[in-house]
Structures are given as structure tokens and as C-alpha cells.
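**Student:** To start, I am sharing the structure in question, which I have written as C-alpha cells.
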Amino acid sequence: MNDVILSRIAEALIWTGRYVERADATGRILDAYLHRLLEDPWRDEDVACRSLYAILGVDAGDERVDMQQVLDQLAFDARSTCSIEGALGAARLNARSAREAVSSEMWECLNSTWHALADQRLAARRTGPYAYLELVRRRAALFFGLADSTMSRDDSWRFVVLGRSLERVDMTVRLLSVRVLDAAHAPDWPTLLSASGADEAYARVYGGFGDTPRVAEFLLLDRDFPRSALHALTTAEECLAALGRPRQDPARRPIGRMRTRLEYLDLSALEDQLPLLLKDLQQACMASAEAVAEKFFPYQGPVEWAQEGA
Amino acid sequence: MADIFDAYALADAWDEMFERPGEVRTAYEPVLAALQPIEPGELRFKADQMARASTDRGVTYAFAGEERPWPLDLVPRILDALEWDLIQRGVAQRVRALEAYLSDAYGPCRAFEDGVVPWRLLLNSPHFHRAAHGVEPPGGVRIHVAGIDLVRDEAGDFRVLEDNVRVPSGVSYVIENRRAMTRIFPSLFAEQHVVPVDGYAQKLLAALRAAAPDGVGDPRVVVLTPGPSNAAYFEHALLARLMGVQLVEGHDLVCRANRVWMRTTRGEMPVHVVYRRLDDDFLDPLHFRPDSVIGCPGILSAAQAGTVTLANAVGNGIADDKLLYTYVPDLIRYYLGEEPVLPNVESFRPDEPGQLDAVLDQIDQLVIKPVDGAGGQGIVIGPKADRETLERTRAAVAADPRGWIAQRPVALSTSPTLAGERMAPRHIDLRPFAVNDGSDVWVLPGGLTRVALQEGNLIVNSSQGGGSKDTWVLAEGPAEHPEPEFDGTVPDVVPRQLGPDGTPAVVQEGAQQQ
């Protein structure tokens, strides 16, 4: 009976996937940075924090910034969807308006997470943010796990996965961009790998040795690691292929192009190409997201109803 | 040991659990036996657990703009098979009579010609919609879903308090209450034959599909909600989910050429049955309130053209007008030729010659209700009102006799309810839900029992801060579908495969050699 989904629901689903992924990735990045900062007393807190802001596209201002301020802004700020709390709040609202499309367990996961955040935030003031960040990671994993095990592999599910994949590419690219484009604020390789949840997977492939081309290669091009750009692009493309009809799909084209480009990349020139490549990746994701919006939910904006004679 | 019923003093009303102090009614014996040994602290713990579970599940309602966990009391309300039989027959009978009235009022108007109901009742009703005239609903059904509010009076008799045949809500809480109770008190359920409530959604879906316009083979049903900010949004979403249909908002629909479509990712799809959960006034800005942005322009024209069915039908408000309520016993006799199974609460009609003075004279002994109020708003309880309120009400009734009815106050029955860490008697009512598929009026076994959480309060609406109870209908004898008896044979089962368990291989080999 439910062979189609409402445009509004599709939009809510894609954003639910995006926001949960965003909260998860932000949590990982914060965790990795905090960890490095504590382990390495010689690191400059201000520099590290600025690099964090740069990754997440938030203006750091001119004043010295410390970790508490970063947490307030990137973890606890309920008003900004760039923070964990804001993203999870937005995910909850989106899932709520798609209550009959997501499974009850998924909705309950987001809802109880939202209610649990307040307690954990208070606890974070006393005992540090680790438990808070861990909760976020676990609940995000639980959410996508529930999506995988309780949703039919229909269009609803594809929109959730598509949202997650697009956001994943975006976050990975952001991480790498800071390393490549702005050496002053750059995170070191171990931080970068652990912020992507990739440290162990990377070690299994390359051993414990890192250098720019290898780490970039792993985070961008590894076929098997689910957070690599190539893997996320491939997933997004599969979703779009199943969702779309026309051959020349404007949503699928930029993604497919990027995916092929990555697959056939000349590895020897990777380091030189990185700045441009990262920029193109981000743009491809944006272009695709816009085309998805235009194609599947073209009825946007507030509903207005003019009175007769008005 | 502390007893949670220590301080339980019966109020001046019928008590559901106790016949006399210390003397429990038969149906409640197992419940009392299960509850009594529980320590007060433990009871509180269970109650808190339940509140947290409902918050996590999003089972909330909006109270003063705030999302609150749905208040479910730990003590169930029990109806035995005989009581339920009466209620079920009474509710179904009422729905059939109201259905006949609607069909008559939007059609031949026989009851008015015959003087059973005065014409002015129809013509003065703010819910009489010309738009509904001439819409011949498929199967003749206008009331697909009804919620009939009942109370039990001092003598223990059930009486009808009011009829809701527009967009009655609360059924989701019946389903959720049961779910919560079976989780908190699993052992209690094991010993009882409580009739299940989980069949509601399927009955509703069947009725909605049956209501589709003629000639539609596989009708598409949707639930129309005002959106997540509506107090009953939880219910809308639950029903849509349980029925497996789309939950749409007004702007998900579009009307073109007298047909209704919904906007999907695969283009526009036709819609045939709309279970709408918004009031007439907001449904269609072309016909009703032009400032409504939650409705769908043109949906009513589509309904008039017969391409879409609205459930419940537009214009049903004339049948749950509180003044019409006073005529329902007559309507039952007139249309059905039966005696009413459930009596009304004794009522007066100020707009009838002679009754106005009688009402004004004894206004301090009556309950005065605006005919058009919802959620307990505007109700004045004479014996409890101060002089100023009474004077104001007297003036209001005198100025607009058609706008009010008066009723004899009924001391609603009480049921033990957790107040702090002890049980205390609190007033309750009951809203059974009926689903009409055109050939049969089915009543969901049980219904929503609402509790006035403040002592002595007689208004039990959740919008007035009320709580709720799980309502159990006990089956007569064993369950309807007895378990097949175990004949002692065990089917052949393939043994489970086991992975390595960490035991050293040498030992395993040794074991095999023995």
C-alpha cells in the first residue's frame, strides 16, 4: 500500500539521516581533538580550537578560544544545527514529522537520546565531555543500526541512507581540507584518523605509519572503509540510482562523476591534486543535494493562502 | 507493613473497587491482591518508570504549550463481561441513532416534520453546513468513528454524558496504556482474561476502505493531521503507522478538477479516503475559515463531487451538539424503535418554554454547560461556584437560552488512584470508541478511562490536567481463542550450530575419544 512517500516525508528523512550523521561526526571530531589536547601538553589550545572551528565552518572570532567555548558552541548549543545538540534536536523534529515513515524504534532512539542529552550535558560540566560524546556516538550507531534492521529497503530507507552518505562525504572532506588548506591549524594525522573513526581500520591496512598521501588516500579512496569518501559516494549513488528514473539524473550525475574520478585517480599526483579535489567533492555533494530537493520535494516554502479580494 | 490503601476513604460516590470500606468487588480482587503487597516506594518507582517510558516513546500531550508525559495511573479500571455487554450495546445503539439523525437532517428532515426535534435545533446550529447538504456518503456512513462519553452515577448506573462524532480523540492512549501496563505488571495480566485492544487499527482501516467512493478498486487512505504542533499529533501518527497509511498535512495534498492528490517523490498520487483529524472549520479555506493554512483548498468540492470520502463527514457537529444530546433518547425510539440501553444524565433545555425559569431558579444546584464547549471549557458546576460566577452564568443563560444546557450534577464514580505514595479515590469517566463500517458498529473493548487527578474535581479532561487508566474488559470464561493443547510430541529440531567456544582443541579431541 505504501509504494510511494510524500515529498515532505522524503525531505524529513533525508535530513534526519544527515543530522544524525552530523552529530556523530562532530562528536568524533571533538573527542579526537580533546584527547590529543590532553595527551600532548605542548599543543596550543587556541590553535587547536581554531582548527576545529575551521573544520566545522564556524567563525572563531579574534579572541583566544578555549575548549569550553568550543564545547558550548559545537556540542551544547541547541540553537545551531552545526552543534551536536542542535543537530540531534533537528533530527528528532524531522523524524517526528515523519513518524509513520520511520520505525517506532528509530523514533524512540532519537527521542530518548534527546531527553538524555540534558543530563549528560550537566554531567559533562563536572566530569568532562567524554560520556556525553560517547552517548552521541552510541546513539547515532544505534539509530542507523535500527534503520538497517527495522526499515524496509524501500525509498524511505534510501532517503535516510542518502542523507547520511552525503553528510559523511562532507564531513570527511572538511577534516581533510583543514589539513591540506590550512597548515597552521592542521590536525596531525593520528587525530585526523581517529576523528574519522578510521585509526584502527587504517592501521590494519597500512600499519601504524602515516603520511599525507597515504592517509588522504585512505580517507578518500578506500573501497572498504565505510567512512571513506569513495565508499560514501558509492552508497549515495546506489540510493539515487534506485530512487531516480531518468538516465540523465541531475542528482546522480555530480555524484557519479566524482565517484569515477576518485576510482581512476592517479595516486602519484594525489597530494598536488588534493586542494582542488576536496573542493570539487564538496561542490558535487551540494549540487546533488540541491538537485534531490528540486526533483523529489519541489513544494517548499511556507504555505500562503490569499483571501479573496485581498 | 505499610499498606498503600491505609488512608483510602470512600468518597460520596460509587467506588469502582470497594463496595464498602475494606470490602472489595469481585472483579477487582486479583488487582487488589497484586497491588496491596507493593511498598509505597516501589509503587512510586513503577509510576516514574512508566512516565519515563512514555516520554521516551513520545507518548505525550501538550499541556499549556509544554510536552508532558501521558499520565497513566497504575490501577486499572475493570469492567466485567455483563457491564461491557451493556455499554457496547448502548454505544452502538447511540451511534446508529445519530447516524440516522444525520442522514435525516441532511436529507428528508422527517424528524423535524414529525415534531420529534424542533426545527430551530437544526437551523441555529453553528455546525449545520450547507456544504454537507447533498453529499451522499458512500454506504451512508457519516460517523466512521465515534467517542461516547459515559459516567457512572451514585447508584452505579452508566449514563451517557456526551457524544463525540466529529473528530473524537484518545484511542491511541487506550492502545498505549495497555502496552505500558502489560510491561509494568506482566504477572497481573497472566491471571486475567483481559480482552485485547490491538485490533482497533485494522477495524478502522477496514471501515475507511469500505467508505471509499464507489468504483475505486484499491482505495488509498490517508490520515490528515494539522501537524506536529497539534496536541493529538501523537495519536494521528500512531494510527497512520498502525494502519500503514500516509500521514499527510494540508500542504501535502492538492486538489485539481475535483480530485484530491498527494505530493510524493514519484509525482502526484490520487487519494480516495481522508481520515481527517481537523475540524470542519479548518478543513477547506475555500468553504470555511479562509485564514486556515492547515487545510486543503478544494477538498470539500472533491467530497461533494464524490471522488473522495471525508471521515468523519463534514457537518457532523449538528449531531453532537449538547442540546441535541437531550433528544437522543427520543431519536433512538423514533428511528430505531428501541428503548435506550444507556440513559442520559437528567438534563434541562433552557430554550424550551417553561424550562428557562426552572433552570435559572435552581442554577446553584445544576451543572451549566455551553452547548458548543469542548474540553470542559465554560462548564459551571452550580453547587461549587461562587455567587459572582452564578450571577454571571444566570445572565448568560437568560441572554442566550439556546447556547446552554443544564444537568443534574452527577457524583462520578471513583477509583483508587496513586496520589503521592498512597491510594486515594478520584473521579473517573469512560470514553468507549466505536467504528462504523456501514454494516456494523464495532465498539473497541474498553475505552479511555480518564481520571481527575485533583481531589473532588469532576472534570476529567486531559486539557484540564487529568490522568488516565488502562480499562480492562474481562472476558466471560476462557479466552476466545484457546491455545491449542500440547499433545506431548516434540518436533524434530536441527541442533544449533555453535562456533568455537575458546576451549583448547586438545581437550575437545580428548572428549571425542571417550
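Residue numbering restarts at 1 for every chain of the C-alpha cells, chains are lettered A, B, ... in their displayed order, and ligands are numbered from 1 as they appear.
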Counting only C-alpha atoms, a student should be able to say which residues of chain A come within 6 Å of chain B; what is the right answer, written as a PyMOL selection string?
**Tutor:** chain A and resi 5-7+99-100+108+111-112+296
**Student:** Hey, what's within 8 Å of stretch 130-142 of chain B if we count only C-alpha atoms and toss same-chain stuff fewer than 4 positions away? As a list in words, please?
**Tutor:**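 Listed by chain and then number, they are Glu99, Leu102, Ser103, Tyr106, Gly107, Ala210, Ala211, Ala212, Pro213, Asp214, His287, Leu300, Ala303, Gln304, Ala305, Gly306, Thr309, Ala311, Asn312, Ala313, Val314, Gly315, Asn316, Asn436, Asp437 and Gly438 of chain B.
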**Student:** Show which residues sit within 9 Å of stretch 195-204 of chain B, as a list in words. Count only C-alpha atoms, and ignore same-chain residues fewer than 3 positions away.
**Tutor:**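 Within the cut-off, the hits are His144, Val145, Val171, Val174, Ile175, Arg178, Ala207, Leu208, Arg209, Leu239, Ala240, Leu242, Met243, Val435, Asn436, Asp437, Trp442, Leu444, Pro445, Gly446, Gly447, Trp472, Val473, Leu474, Ala475, Ala479 and Glu480 of chain B.
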**Student:** Please provide the set of residues having any atom within 12 Å of A:Val70, restricted to only C-alpha atoms, with same-chain residues fewer than 3 positions apart removed, written as a PyMOL selection string.
**Tutor:** chain A and resi 26-27+29-31+33-34+45-54+56+58-61+64-67+73-77+82-84+129
**Student:** Which polymer residues have any atom within 7 Å of an atom of A:Arg121, counting only C-alpha atoms, with same-chain residues fewer than 4 positions away left out, as a PyMOL selection string?
**Tutor:** chain A and resi 117+125+132
**Student:** Write out as a PyMOL selection string the residues lying within 9 Å of stretch 274-283 of chain A, counting only C-alpha atoms and excluding same-chain residues fewer than 4 positions away.
**Tutor:** chain A and resi 169-170+173-174+176-177+180-181+216+229+254-255+258+262+269-270+287-288
**Student:** List the spatial neighbours of A:Leu267 as a PyMOL selection string - criterion: any atom at most 10 Å away, only C-alpha atoms, same-chain residues fewer than 2 positions off excluded.
**Tutor:** chain A and resi 213-214+217+221+262+264-265+269-273
**Student:** Would you save the residues of that selection, restricted to all heavy atoms, as a CSV table (one decimal), in the first residue's frame?
**Tutor:**
```
chain,number,residue,atom,x,y,z
A,213,PRO,N,49.9,11.6,1.8
A,213,PRO,CA,49.3,10.9,0.7
A,213,PRO,C,48.5,9.6,1.1
A,213,PRO,O,47.4,9.3,0.7
A,213,PRO,CB,50.4,10.5,-0.3
A,213,PRO,CG,51.6,11.3,0.2
A,213,PRO,CD,51.4,11.6,1.6
A,214,ARG,N,49.2,8.9,2.1
A,214,ARG,CA,48.5,7.6,2.4
A,214,ARG,C,47.2,7.8,3.2
A,214,ARG,O,46.2,7.1,3.0
A,214,ARG,CB,49.5,6.8,3.3
A,214,ARG,CG,50.3,5.8,2.5
A,214,ARG,CD,50.9,4.9,3.4
A,214,ARG,NE,52.1,4.4,2.8
A,214,ARG,CZ,53.0,3.6,3.4
A,214,ARG,NH1,52.8,3.3,4.6
A,214,ARG,NH2,54.1,3.2,2.7
A,217,GLU,N,44.7,9.1,1.0
A,217,GLU,CA,44.3,8.1,0.1
A,217,GLU,C,43.2,7.2,0.8
A,217,GLU,O,42.2,6.8,0.3
A,217,GLU,CB,45.5,7.2,-0.4
A,217,GLU,CG,45.1,6.2,-1.4
A,217,GLU,CD,46.4,5.3,-1.7
A,217,GLU,OE1,47.5,5.8,-1.6
A,217,GLU,OE2,46.2,4.1,-1.9
A,221,LEU,N,39.8,7.3,-0.7
A,221,LEU,CA,39.7,6.3,-1.7
A,221,LEU,C,39.5,4.8,-1.3
A,221,LEU,O,39.3,4.0,-2.1
A,221,LEU,CB,40.9,6.3,-2.6
A,221,LEU,CG,41.2,7.7,-3.3
A,221,LEU,CD1,42.5,7.6,-4.0
A,221,LEU,CD2,40.1,8.1,-4.2
A,262,LEU,N,37.4,9.6,-8.6
A,262,LEU,CA,38.1,9.0,-7.5
A,262,LEU,C,38.7,7.6,-7.8
A,262,LEU,O,39.8,7.3,-7.5
A,262,LEU,CB,37.3,9.0,-6.2
A,262,LEU,CG,36.9,10.3,-5.5
A,262,LEU,CD1,36.2,10.0,-4.2
A,262,LEU,CD2,38.2,11.1,-5.2
A,264,TYR,N,39.5,6.4,-10.6
A,264,TYR,CA,40.6,6.3,-11.6
A,264,TYR,C,41.7,7.3,-11.3
A,264,TYR,O,42.4,7.7,-12.3
A,264,TYR,CB,40.1,6.4,-13.0
A,264,TYR,CG,39.1,5.3,-13.3
A,264,TYR,CD1,37.7,5.5,-13.3
A,264,TYR,CD2,39.6,4.0,-13.5
A,264,TYR,CE1,36.9,4.4,-13.5
A,264,TYR,CE2,38.7,2.9,-13.8
A,264,TYR,CZ,37.4,3.1,-13.8
A,264,TYR,OH,36.5,2.1,-14.0
A,265,LEU,N,41.8,7.8,-10.1
A,265,LEU,CA,42.7,8.9,-9.8
A,265,LEU,C,44.2,8.4,-9.9
A,265,LEU,O,44.5,7.2,-9.5
A,265,LEU,CB,42.4,9.3,-8.3
A,265,LEU,CG,42.8,10.7,-8.0
A,265,LEU,CD1,42.0,11.7,-8.8
A,265,LEU,CD2,42.5,10.9,-6.5
A,269,ALA,N,49.9,11.6,-8.1
A,269,ALA,CA,49.7,13.1,-8.2
A,269,ALA,C,48.7,13.5,-7.1
A,269,ALA,O,48.2,14.6,-7.1
A,269,ALA,CB,49.2,13.5,-9.5
A,270,LEU,N,48.3,12.6,-6.2
A,270,LEU,CA,47.2,12.8,-5.3
A,270,LEU,C,47.5,14.1,-4.4
A,270,LEU,O,46.6,14.9,-4.3
A,270,LEU,CB,47.0,11.6,-4.4
A,270,LEU,CG,45.9,11.8,-3.3
A,270,LEU,CD1,44.6,12.0,-3.9
A,270,LEU,CD2,45.9,10.6,-2.4
A,271,GLU,N,48.7,14.2,-3.9
A,271,GLU,CA,49.0,15.3,-3.0
A,271,GLU,C,48.8,16.6,-3.7
A,271,GLU,O,48.2,17.5,-3.1
A,271,GLU,CB,50.4,15.1,-2.4
A,271,GLU,CG,50.5,15.8,-1.1
A,271,GLU,CD,51.8,15.5,-0.3
A,271,GLU,OE1,52.6,14.7,-0.9
A,271,GLU,OE2,52.0,16.0,0.7
A,272,ASP,N,49.2,16.7,-4.9
A,272,ASP,CA,49.1,18.0,-5.6
A,272,ASP,C,47.6,18.3,-5.9
A,272,ASP,O,47.2,19.5,-5.9
A,272,ASP,CB,49.9,18.0,-6.9
A,272,ASP,CG,51.4,17.8,-6.6
A,272,ASP,OD1,51.8,18.2,-5.5
A,272,ASP,OD2,52.1,17.2,-7.5
A,273,GLN,N,46.9,17.3,-6.2
A,273,GLN,CA,45.5,17.5,-6.6
A,273,GLN,C,44.6,17.7,-5.5
A,273,GLN,O,43.4,18.2,-5.7
A,273,GLN,CB,45.0,16.2,-7.4
A,273,GLN,CG,45.6,16.0,-8.7
A,273,GLN,CD,45.0,14.8,-9.4
A,273,GLN,OE1,43.8,14.5,-9.2
A,273,GLN,NE2,45.8,14.1,-10.2
```
